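Scroll down for the structure; my scribbles are underneath it.
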Amino acid sequence: NSVPILTIDGPSGSGKGTIARRVADQLGWHLLDSGALYRLVAYSAGRRGLDPADQAAHERVAEQLDVRFGLAPDGGEQIWLEGEEVSKAIRTEQVGEGASRVGAMPGVRAALLERQRAFARAPGLVADGRDMGTVVFPSATLKIYLTASAEERARRRYNQLKDKGLDANLAALSLDIAERDRRDASRPIAPLKPADDALIVDSTSMTIDAVLARVLELAAARF
Ligand code: C5P
């Protein structure tokens, strides 16, 4: 299909979630937060008490995921899982860890593939994740790989969690981020890596506004 698609991939804490949302707002396009889908599978599996090693059971959860994305009156994100608002519950480090584990299951990735592609609707889509440019939307018009040093990403995650009133420990977060990077980059299926035709943006010493301006400039040149 010919819907314009902008993919933003990168590691945790690179700022891609914030950037993807703001770019989608600016362009008036749809947003796919693919990490939320993996988080929802992990969260739902945890609540059902699934055996973490039972891939077939996780695949069924992914296939049957009853999820609705919406906007709160204040413009914040709302995510409904089986009628329950879980946007905050799925942002914990524990659910992030779970998402990284279920993301390594081929059956789960396959089950989520068409669901993700269905987000590509007019007037356009901004897709945020790890494999948006490499696997889910390989023919996207513009692919950005947003990265930052591990130290800077740990610091941002720490501030983000604190802002949300969640508990956080910087040293523990640094270790978690390094471990999740390693797992996301080394898994055999859809590993985290830039697409061959991705433009790399290193946000280590950039403000969010500077990154946003850079991405909008790249988009204006391409769309
Ligand atoms: O981006 P977010 O931190 O919400 O992603 C949580 C986890 O979900 C990631 O660490 C990654 O393992 C997994 N994920 C994935 N593929 C995506 C998006 C997220 O495997 N497209």
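Each chain in the structure tokens gets a letter, A, B, ..., in the order shown, and its residues are numbered from 1; ligands are numbered from 1 in order too.
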Handout entry: Selection as a ChimeraX atom specification: residues within 8 Å of ligand 1 by only C-alpha atoms and all ligand atoms
Key = /A:9,11-13,17,33-39,91,95-104,109,128-132,180-181,183-184,190-192
Output file for the selection above: N, CA and C atoms, as a CSV table (one decimal), in the first residue's frame:
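Printed below is again-v2.csv as written:
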chain,number,residue,atom,x,y,z
A,9,ASP,N,13.4,3.3,15.0
A,9,ASP,CA,13.9,2.1,15.8
A,9,ASP,C,15.0,2.6,16.6
A,11,PRO,N,17.4,1.5,20.7
A,11,PRO,CA,17.4,0.8,22.0
A,11,PRO,C,16.5,1.5,23.0
A,12,SER,N,16.3,0.9,24.1
A,12,SER,CA,15.5,1.5,25.2
A,12,SER,C,16.1,2.8,25.7
A,13,GLY,N,15.3,3.8,25.9
A,13,GLY,CA,15.9,5.0,26.5
A,13,GLY,C,16.5,6.0,25.5
A,17,GLY,N,10.3,6.8,21.9
A,17,GLY,CA,8.8,6.9,22.3
A,17,GLY,C,8.3,8.3,22.2
A,33,ASP,N,3.0,2.2,18.7
A,33,ASP,CA,3.9,2.0,19.8
A,33,ASP,C,4.1,0.5,19.9
A,34,SER,N,5.0,-0.1,19.1
A,34,SER,CA,5.0,-1.6,19.0
A,34,SER,C,5.5,-2.2,20.3
A,35,GLY,N,6.4,-1.4,21.1
A,35,GLY,CA,6.9,-2.0,22.3
A,35,GLY,C,5.7,-2.2,23.3
A,36,ALA,N,4.7,-1.4,23.2
A,36,ALA,CA,3.5,-1.5,24.1
A,36,ALA,C,2.8,-2.9,23.8
A,37,LEU,N,2.8,-3.3,22.5
A,37,LEU,CA,2.2,-4.6,22.2
A,37,LEU,C,3.0,-5.8,22.9
A,38,TYR,N,4.3,-5.7,22.9
A,38,TYR,CA,5.1,-6.7,23.6
A,38,TYR,C,5.0,-6.6,25.1
A,39,ARG,N,4.9,-5.4,25.6
A,39,ARG,CA,4.6,-5.2,27.0
A,39,ARG,C,3.3,-5.8,27.4
A,91,ARG,N,4.3,0.1,32.1
A,91,ARG,CA,5.6,0.8,31.9
A,91,ARG,C,6.6,0.5,33.0
A,95,VAL,N,7.8,-5.3,33.6
A,95,VAL,CA,7.0,-5.6,32.4
A,95,VAL,C,7.9,-5.4,31.2
A,96,GLY,N,8.9,-4.4,31.3
A,96,GLY,CA,9.8,-4.2,30.2
A,96,GLY,C,10.7,-5.5,30.0
A,97,GLU,N,11.2,-6.0,31.1
A,97,GLU,CA,12.0,-7.2,31.1
A,97,GLU,C,11.2,-8.4,30.5
A,98,GLY,N,9.9,-8.5,30.9
A,98,GLY,CA,9.0,-9.5,30.3
A,98,GLY,C,8.8,-9.4,28.8
A,99,ALA,N,8.7,-8.1,28.4
A,99,ALA,CA,8.5,-7.8,27.0
A,99,ALA,C,9.7,-8.3,26.2
A,100,SER,N,10.9,-8.0,26.8
A,100,SER,CA,12.1,-8.4,26.1
A,100,SER,C,12.2,-10.0,26.0
A,101,ARG,N,11.7,-10.7,27.0
A,101,ARG,CA,11.7,-12.2,26.9
A,101,ARG,C,10.6,-12.7,25.9
A,102,VAL,N,9.4,-12.1,25.9
A,102,VAL,CA,8.4,-12.6,25.0
A,102,VAL,C,8.8,-12.2,23.5
A,103,GLY,N,9.5,-11.0,23.4
A,103,GLY,CA,9.9,-10.6,22.1
A,103,GLY,C,10.9,-11.5,21.4
A,104,ALA,N,11.5,-12.4,22.2
A,104,ALA,CA,12.5,-13.4,21.6
A,104,ALA,C,11.8,-14.6,21.2
A,109,ARG,N,6.2,-13.0,17.8
A,109,ARG,CA,6.5,-11.9,16.8
A,109,ARG,C,5.6,-12.1,15.6
A,128,ASP,N,7.1,3.1,16.0
A,128,ASP,CA,8.2,3.1,17.0
A,128,ASP,C,8.5,1.7,17.4
A,129,GLY,N,9.8,1.3,17.4
A,129,GLY,CA,10.1,-0.1,17.9
A,129,GLY,C,11.5,-0.5,17.8
A,130,ARG,N,11.7,-1.8,17.5
A,130,ARG,CA,13.1,-2.3,17.3
A,130,ARG,C,13.3,-2.8,15.9
A,131,ASP,N,12.2,-3.3,15.3
A,131,ASP,CA,12.3,-3.9,14.0
A,131,ASP,C,11.3,-3.3,13.0
A,132,MET,N,10.9,-2.1,13.2
A,132,MET,CA,9.9,-1.5,12.3
A,132,MET,C,10.5,-1.3,10.9
A,180,ARG,N,19.3,-5.7,28.6
A,180,ARG,CA,18.3,-5.8,27.6
A,180,ARG,C,18.8,-5.5,26.2
A,181,ASP,N,19.8,-4.5,26.1
A,181,ASP,CA,20.5,-4.2,24.8
A,181,ASP,C,21.1,-5.5,24.3
A,183,ARG,N,20.4,-8.6,25.0
A,183,ARG,CA,19.4,-9.6,24.5
A,183,ARG,C,18.7,-9.2,23.3
A,184,ASP,N,18.3,-7.9,23.2
A,184,ASP,CA,17.6,-7.5,22.0
A,184,ASP,C,18.5,-7.5,20.7
A,190,ALA,N,14.6,-11.0,14.4
A,190,ALA,CA,14.4,-9.6,14.5
A,190,ALA,C,15.3,-8.9,15.5
A,191,PRO,N,16.6,-9.1,15.4
A,191,PRO,CA,17.5,-8.4,16.4
A,191,PRO,C,17.5,-6.9,16.2
A,192,LEU,N,17.8,-6.2,17.3
A,192,LEU,CA,17.8,-4.8,17.2
A,192,LEU,C,19.1,-4.4,16.4
Exercise for the section: Report as a ChimeraX atom specification: the residues of stretch 48-145 of chain A with a DSSP assignment of alpha helix (DSSP H), based on the backbone of this structure. Expected result: /A:48,55-64,93-102,106-117
Problem - Nearest-residue call for A:Leu32, choices A:Gly124, A:Gly83, A:Pro106, A:Gly46, using only C-alpha atoms - result: A:Gly124
Handout entry: Selected residue of minimal separation from A:Leu166 among A:Ser149, A:Thr141, A:Ser203, A:Gln94, counting only C-alpha atoms
Key =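 Of all the options, A:Gln94 lies closest to A:Leu166.
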Exercise for the section: Run DSSP on the backbone of this structure and report the residues of stretch 9-117 of chain A it assigns to strand (DSSP E or B), as a PyMOL selection string. Expected result: chain A and resi 9+30-33+67-71+77-81+84-85
Just the selected residues (C-alpha atoms), exported as an mmCIF file, in the first residue's frame, please.
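For reference, out-v7.cif as written:
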data_model
loop_
_atom_site.group_PDB
_atom_site.id
_atom_site.type_symbol
_atom_site.label_atom_id
_atom_site.label_comp_id
_atom_site.auth_asym_id
_atom_site.auth_seq_id
_atom_site.Cartn_x
_atom_site.Cartn_y
_atom_site.Cartn_z
ATOM 1 C CA ASP A 9 13.862 2.131 15.765
ATOM 2 C CA HIS A 30 -1.206 7.532 13.275
ATOM 3 C CA LEU A 31 1.238 6.145 15.823
ATOM 4 C CA LEU A 32 2.274 2.552 16.383
ATOM 5 C CA ASP A 33 3.950 1.986 19.759
ATOM 6 C CA VAL A 67 -6.323 -4.033 23.145
ATOM 7 C CA ARG A 68 -7.540 -0.522 22.396
ATOM 8 C CA PHE A 69 -5.303 2.552 22.117
ATOM 9 C CA GLY A 70 -6.714 5.983 22.869
ATOM 10 C CA LEU A 71 -5.972 9.478 24.107
ATOM 11 C CA GLU A 77 -1.818 7.903 26.120
ATOM 12 C CA GLN A 78 -4.478 5.412 27.196
ATOM 13 C CA ILE A 79 -4.180 1.686 26.611
ATOM 14 C CA TRP A 80 -7.069 -0.624 27.384
ATOM 15 C CA LEU A 81 -6.422 -4.339 27.841
ATOM 16 C CA GLU A 84 -8.834 -2.290 31.888
ATOM 17 C CA GLU A 85 -6.717 0.861 31.578
#
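When only C-alpha atoms are used to measure the gap to A:Ala220, the shortest distance among A:Gln26, A:Asp163, A:Met105, A:Leu173 belongs to A:Gln26.
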Practice task
Have a look at atom CA of A:Ile144 and atom CA of A:Asp209 and let me know their distance in Å, one decimal.
Solution key: 16.2 Å
Exercise for the section: Using only C-alpha atoms, determine which residues lie at most 12 Å from A:Phe223, disregarding the query and same-chain residues fewer than 2 positions distant; provide the list as a VMD selection string. Expected result: chain A and resid 2 to 6 27 123 to 125 140 to 142 215 to 221
Can those selected residues be exported to a file as a PDB file, in the first residue's frame so that it contains N, CA, C and O atoms?
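The new file out_12.pdb reads:
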ATOM      1  N   SER A   2       0.275   2.381  -0.281  1.00  0.00           N
ATOM      2  CA  SER A   2       1.093   3.573  -0.513  1.00  0.00           C
ATOM      3  C   SER A   2       1.012   4.579   0.623  1.00  0.00           C
ATOM      4  O   SER A   2       1.376   5.737   0.451  1.00  0.00           O
ATOM      5  N   VAL A   3       0.553   4.138   1.782  1.00  0.00           N
ATOM      6  CA  VAL A   3       0.510   5.039   2.942  1.00  0.00           C
ATOM      7  C   VAL A   3       1.951   5.397   3.329  1.00  0.00           C
ATOM      8  O   VAL A   3       2.788   4.512   3.449  1.00  0.00           O
ATOM      9  N   PRO A   4       2.259   6.692   3.502  1.00  0.00           N
ATOM     10  CA  PRO A   4       3.619   7.035   3.907  1.00  0.00           C
ATOM     11  C   PRO A   4       3.927   6.534   5.325  1.00  0.00           C
ATOM     12  O   PRO A   4       3.101   6.672   6.220  1.00  0.00           O
ATOM     13  N   ILE A   5       5.092   5.936   5.473  1.00  0.00           N
ATOM     14  CA  ILE A   5       5.479   5.375   6.775  1.00  0.00           C
ATOM     15  C   ILE A   5       6.860   5.871   7.178  1.00  0.00           C
ATOM     16  O   ILE A   5       7.791   5.852   6.368  1.00  0.00           O
ATOM     17  N   LEU A   6       6.954   6.331   8.417  1.00  0.00           N
ATOM     18  CA  LEU A   6       8.230   6.750   8.999  1.00  0.00           C
ATOM     19  C   LEU A   6       8.504   5.802  10.157  1.00  0.00           C
ATOM     20  O   LEU A   6       7.703   5.720  11.082  1.00  0.00           O
ATOM     21  N   LEU A  27       2.691  15.745  12.430  1.00  0.00           N
ATOM     22  CA  LEU A  27       2.293  15.401  11.063  1.00  0.00           C
ATOM     23  C   LEU A  27       0.805  15.065  10.977  1.00  0.00           C
ATOM     24  O   LEU A  27       0.257  14.994   9.882  1.00  0.00           O
ATOM     25  N   PRO A 123      -3.677   9.325   7.048  1.00  0.00           N
ATOM     26  CA  PRO A 123      -2.735   9.930   6.090  1.00  0.00           C
ATOM     27  C   PRO A 123      -1.291   9.446   6.230  1.00  0.00           C
ATOM     28  O   PRO A 123      -0.472   9.781   5.373  1.00  0.00           O
ATOM     29  N   GLY A 124      -0.961   8.652   7.251  1.00  0.00           N
ATOM     30  CA  GLY A 124       0.414   8.194   7.383  1.00  0.00           C
ATOM     31  C   GLY A 124       0.632   7.555   8.741  1.00  0.00           C
ATOM     32  O   GLY A 124      -0.243   7.600   9.610  1.00  0.00           O
ATOM     33  N   LEU A 125       1.792   6.923   8.904  1.00  0.00           N
ATOM     34  CA  LEU A 125       2.091   6.224  10.160  1.00  0.00           C
ATOM     35  C   LEU A 125       3.514   6.506  10.624  1.00  0.00           C
ATOM     36  O   LEU A 125       4.451   6.485   9.832  1.00  0.00           O
ATOM     37  N   ALA A 140       9.312   1.108   4.161  1.00  0.00           N
ATOM     38  CA  ALA A 140       8.967   2.441   4.678  1.00  0.00           C
ATOM     39  C   ALA A 140       9.751   3.522   3.938  1.00  0.00           C
ATOM     40  O   ALA A 140      10.893   3.299   3.533  1.00  0.00           O
ATOM     41  N   THR A 141       9.130   4.673   3.768  1.00  0.00           N
ATOM     42  CA  THR A 141       9.755   5.776   3.021  1.00  0.00           C
ATOM     43  C   THR A 141      10.959   6.357   3.752  1.00  0.00           C
ATOM     44  O   THR A 141      11.963   6.716   3.131  1.00  0.00           O
ATOM     45  N   LEU A 142      10.834   6.491   5.072  1.00  0.00           N
ATOM     46  CA  LEU A 142      11.930   7.074   5.849  1.00  0.00           C
ATOM     47  C   LEU A 142      12.152   6.226   7.091  1.00  0.00           C
ATOM     48  O   LEU A 142      11.218   5.966   7.845  1.00  0.00           O
ATOM     49  N   VAL A 215      14.369  15.247  13.162  1.00  0.00           N
ATOM     50  CA  VAL A 215      13.520  14.224  12.541  1.00  0.00           C
ATOM     51  C   VAL A 215      12.486  14.876  11.617  1.00  0.00           C
ATOM     52  O   VAL A 215      12.243  14.395  10.501  1.00  0.00           O
ATOM     53  N   LEU A 216      11.918  16.018  12.051  1.00  0.00           N
ATOM     54  CA  LEU A 216      10.924  16.703  11.201  1.00  0.00           C
ATOM     55  C   LEU A 216      11.577  17.231   9.928  1.00  0.00           C
ATOM     56  O   LEU A 216      10.959  17.225   8.857  1.00  0.00           O
ATOM     57  N   GLU A 217      12.839  17.659  10.047  1.00  0.00           N
ATOM     58  CA  GLU A 217      13.587  18.141   8.881  1.00  0.00           C
ATOM     59  C   GLU A 217      13.812  16.986   7.893  1.00  0.00           C
ATOM     60  O   GLU A 217      13.604  17.136   6.680  1.00  0.00           O
ATOM     61  N   LEU A 218      14.190  15.811   8.421  1.00  0.00           N
ATOM     62  CA  LEU A 218      14.378  14.640   7.558  1.00  0.00           C
ATOM     63  C   LEU A 218      13.052  14.248   6.910  1.00  0.00           C
ATOM     64  O   LEU A 218      13.010  13.887   5.730  1.00  0.00           O
ATOM     65  N   ALA A 219      11.952  14.323   7.692  1.00  0.00           N
ATOM     66  CA  ALA A 219      10.637  13.964   7.150  1.00  0.00           C
ATOM     67  C   ALA A 219      10.218  14.930   6.054  1.00  0.00           C
ATOM     68  O   ALA A 219       9.718  14.524   5.009  1.00  0.00           O
ATOM     69  N   ALA A 220      10.462  16.236   6.296  1.00  0.00           N
ATOM     70  CA  ALA A 220      10.047  17.246   5.303  1.00  0.00           C
ATOM     71  C   ALA A 220      10.775  17.037   3.985  1.00  0.00           C
ATOM     72  O   ALA A 220      10.232  17.288   2.909  1.00  0.00           O
ATOM     73  N   ALA A 221      12.015  16.545   4.059  1.00  0.00           N
ATOM     74  CA  ALA A 221      12.797  16.321   2.845  1.00  0.00           C
ATOM     75  C   ALA A 221      12.325  15.095   2.092  1.00  0.00           C
ATOM     76  O   ALA A 221      12.553  14.946   0.888  1.00  0.00           O
TER      77      ALA A 221
END
Fill in the blank from the handout: What separates atom CA of A:Arg115 and atom CA of A:Arg60 is a distance of 13.7 Å
